[in-house]
Amino acid sequence: MKTYRIATVPGDGIGKEVVPAGRRVLEVLAGSESSFTFEFENFDWGGDYFRQHGEMMPESGLNALRGKDAILFGSAGDPHIPDHITLWGLRLKICQGLDQYANVRPTRILPGIDGPLKRCKDKDLNWVIVRENTEGEYSGVGGRVHQGHPIEVATDLSLMTRVGVERIQRFAFRLAQSRPRKLLTVITKSNAQRHAMVMWDEIASQISKEFPDVTWDRELVDAATARMVNRPASLDTIVATNLHADILSDLAAALAGSLGIAPTANINPERLYPSMFEPIHGSAFDIMGKGLANPVGTFWSVVMLLEHLGETDAAERVMKAVEHVTANPSLHTRDLGGMATTAQVTEAVCARIAATADGYI
């Protein structure tokens, strides 16, 4: 029997509720499987750790993660700590430190969920957004001088390297090639950003020659927001820079019904380091501890984690269980217009997984 070593990092806010729910799903799944099991190690990094130690995670943290097969992450963000400290001190430190350069965010309308695009059919909104995850606008290059004086200056540099752009574009083309429609949209802003984004466009054209069976086009990021709303069926796989994809993927999740259902995979495609899986919602301190958090985004992230480990049949079991539960309006959490609690949704998904132990029903 294979044992997968999973690191759990709940982080802040409702991350402390949804990550244990995700772990429970994995434990129930493993209990009905004969081919694999999980070995969990929890890391209590985040805002509380910062208050005790002055840092979001220890310097040795990355070394502790390197030997894992995957990481299940919750959220980073604390109302009492500046956002740039929580983000750069935890999530981005892990993503950059483990070279998780491909951020993958699937979006579709799940059964039973009412998206805001009333004229949109479920099949019209089935996207995967690929986000460059380690450089670009979030490279961390910049600084501040003359703070507190009238001549104060602050800079943030968007840094794009040829190797970084080539590898994310190639990853996106390959992903598009694997999907039925073989359709890719490259998001750009090269009309205004005339250096790095022009290089981004040029590299996309070059990489496209390696994938003659993929149909692709370019779209300015501002026009892309309108296209996502007005012509959702014209999109399938989308690739964008760190900032652009960050914004577009939140719009995509909202169009699919709620940020609470949306998953993310932070992938190191070469598998030199473990990849990290997380829901895209924030720490949501306003509902922390109330049992209102939607765990579906975490469960879908668990599906992506299982797929990454090669356990595709198990991943399908979990996804079918999630879809079975979302199809029942009485099991919708508040963000979906329902009254169900985190625990009720978790137990319903776990019960469905257990019920399918001997085959799909």
# chains A, B, ... in the order shown; residues from 1 in each chain; ligands from 1

$ select_by_dssp --residues "region 237-340 of chain A" --states "strand (DSSP E or B)" --output "VMD selection string"
chain A and resid 237 to 240 263 to 267 275 to 279

$ write_last_selection --atoms "N, CA and C atoms" --output "mmCIF file, in the first residue's frame"
data_model
loop_
_atom_site.group_PDB
_atom_site.id
_atom_site.type_symbol
_atom_site.label_atom_id
_atom_site.label_comp_id
_atom_site.auth_asym_id
_atom_site.auth_seq_id
_atom_site.Cartn_x
_atom_site.Cartn_y
_atom_site.Cartn_z
ATOM 1 N N THR A 237 -9.467 27.315 -22.124
ATOM 2 C CA THR A 237 -8.248 27.457 -21.335
ATOM 3 C C THR A 237 -7.743 28.884 -21.500
ATOM 4 N N ILE A 238 -7.311 29.479 -20.391
ATOM 5 C CA ILE A 238 -6.873 30.877 -20.372
ATOM 6 C C ILE A 238 -5.522 30.935 -19.680
ATOM 7 N N VAL A 239 -4.582 31.696 -20.239
ATOM 8 C CA VAL A 239 -3.299 31.889 -19.570
ATOM 9 C C VAL A 239 -3.049 33.384 -19.415
ATOM 10 N N ALA A 240 -2.569 33.775 -18.244
ATOM 11 C CA ALA A 240 -2.372 35.190 -17.955
ATOM 12 C C ALA A 240 -1.252 35.365 -16.943
ATOM 13 N N PRO A 263 -11.396 26.117 -6.516
ATOM 14 C CA PRO A 263 -10.131 25.521 -6.076
ATOM 15 C C PRO A 263 -8.929 26.112 -6.793
ATOM 16 N N THR A 264 -7.759 25.802 -6.269
ATOM 17 C CA THR A 264 -6.505 26.215 -6.890
ATOM 18 C C THR A 264 -5.457 25.128 -6.698
ATOM 19 N N ALA A 265 -4.634 24.955 -7.716
ATOM 20 C CA ALA A 265 -3.438 24.123 -7.594
ATOM 21 C C ALA A 265 -2.224 24.987 -7.913
ATOM 22 N N ASN A 266 -1.259 24.999 -7.019
ATOM 23 C CA ASN A 266 0.027 25.652 -7.251
ATOM 24 C C ASN A 266 1.025 24.543 -7.587
ATOM 25 N N ILE A 267 1.356 24.451 -8.878
ATOM 26 C CA ILE A 267 2.038 23.258 -9.381
ATOM 27 C C ILE A 267 3.508 23.536 -9.687
ATOM 28 N N SER A 275 3.699 20.146 -4.733
ATOM 29 C CA SER A 275 2.743 21.157 -5.158
ATOM 30 C C SER A 275 1.747 21.422 -4.028
ATOM 31 N N MET A 276 1.086 22.581 -4.111
ATOM 32 C CA MET A 276 0.207 23.017 -3.019
ATOM 33 C C MET A 276 -1.195 23.281 -3.551
ATOM 34 N N PHE A 277 -2.210 22.857 -2.789
ATOM 35 C CA PHE A 277 -3.599 22.917 -3.226
ATOM 36 C C PHE A 277 -4.412 23.676 -2.184
ATOM 37 N N GLU A 278 -5.274 24.588 -2.670
ATOM 38 C CA GLU A 278 -5.970 25.483 -1.746
ATOM 39 C C GLU A 278 -7.253 26.018 -2.375
ATOM 40 N N PRO A 279 -8.236 26.359 -1.551
ATOM 41 C CA PRO A 279 -9.385 27.110 -2.069
ATOM 42 C C PRO A 279 -8.960 28.551 -2.317
#

$ residues_around --residues "His244 (chain A)" --least-positions-apart "6" --cutoff "9 Å" --atoms "only C-alpha atoms" --output "VMD selection string"
chain A and resid 131 137 187 to 188 221

$ residues_around --residues "region 343-350 of chain A" --least-positions-apart "4" --cutoff "6 Å" --atoms "only C-alpha atoms" --output "PyMOL selection string"
chain A and resi 25+321-322+331

$ residues_around --residues "Met228 (chain A)" --least-positions-apart "2" --cutoff "9 Å" --atoms "only C-alpha atoms" --output "VMD selection string"
chain A and resid 125 223 to 226 230 to 235 248 251 to 252 255

$ residues_around --residues "Pro10 (chain A)" --least-positions-apart "4" --cutoff "6 Å" --atoms "only C-alpha atoms" --output "tab-separated table (two decimals) with N, CA and C atoms, in the first residue's frame"
chain	number	residue	atom	x	y	z
A	15	GLY	N	-9.54	29.16	7.10
A	15	GLY	CA	-8.62	28.10	6.72
A	15	GLY	C	-8.52	27.04	7.80
A	16	LYS	N	-8.68	27.47	9.06
A	16	LYS	CA	-8.60	26.54	10.18
A	16	LYS	C	-9.84	25.64	10.27
A	19	VAL	N	-9.58	23.36	6.09
A	19	VAL	CA	-8.49	22.39	5.91
A	19	VAL	C	-8.74	21.12	6.73
A	73	PHE	N	-3.44	23.68	1.73
A	73	PHE	CA	-3.30	25.01	2.34
A	73	PHE	C	-4.68	25.63	2.54
A	74	GLY	N	-4.82	26.47	3.57
A	74	GLY	CA	-6.09	27.11	3.85
A	74	GLY	C	-6.18	28.53	3.33

$ select_by_dssp --residues "region 120-170 of chain A" --states "alpha helix (DSSP H)" --output "list in words"
Arg162, Val163, Gly164, Val165, Glu166, Arg167, Ile168, Gln169 and Arg170 of chain A

$ write_last_selection --atoms "C-alpha atoms" --output "PDB file, in the first residue's frame"
ATOM      1  CA  ARG A 162      12.052  34.576 -20.962  1.00  0.00           C
ATOM      2  CA  VAL A 163      12.394  31.261 -19.153  1.00  0.00           C
ATOM      3  CA  GLY A 164       9.478  32.119 -16.860  1.00  0.00           C
ATOM      4  CA  VAL A 165       7.189  33.181 -19.704  1.00  0.00           C
ATOM      5  CA  GLU A 166       8.163  30.257 -21.922  1.00  0.00           C
ATOM      6  CA  ARG A 167       7.481  27.642 -19.286  1.00  0.00           C
ATOM      7  CA  ILE A 168       4.048  28.993 -18.282  1.00  0.00           C
ATOM      8  CA  GLN A 169       2.996  29.479 -21.914  1.00  0.00           C
ATOM      9  CA  ARG A 170       4.131  25.964 -22.797  1.00  0.00           C
TER      10      ARG A 170
END
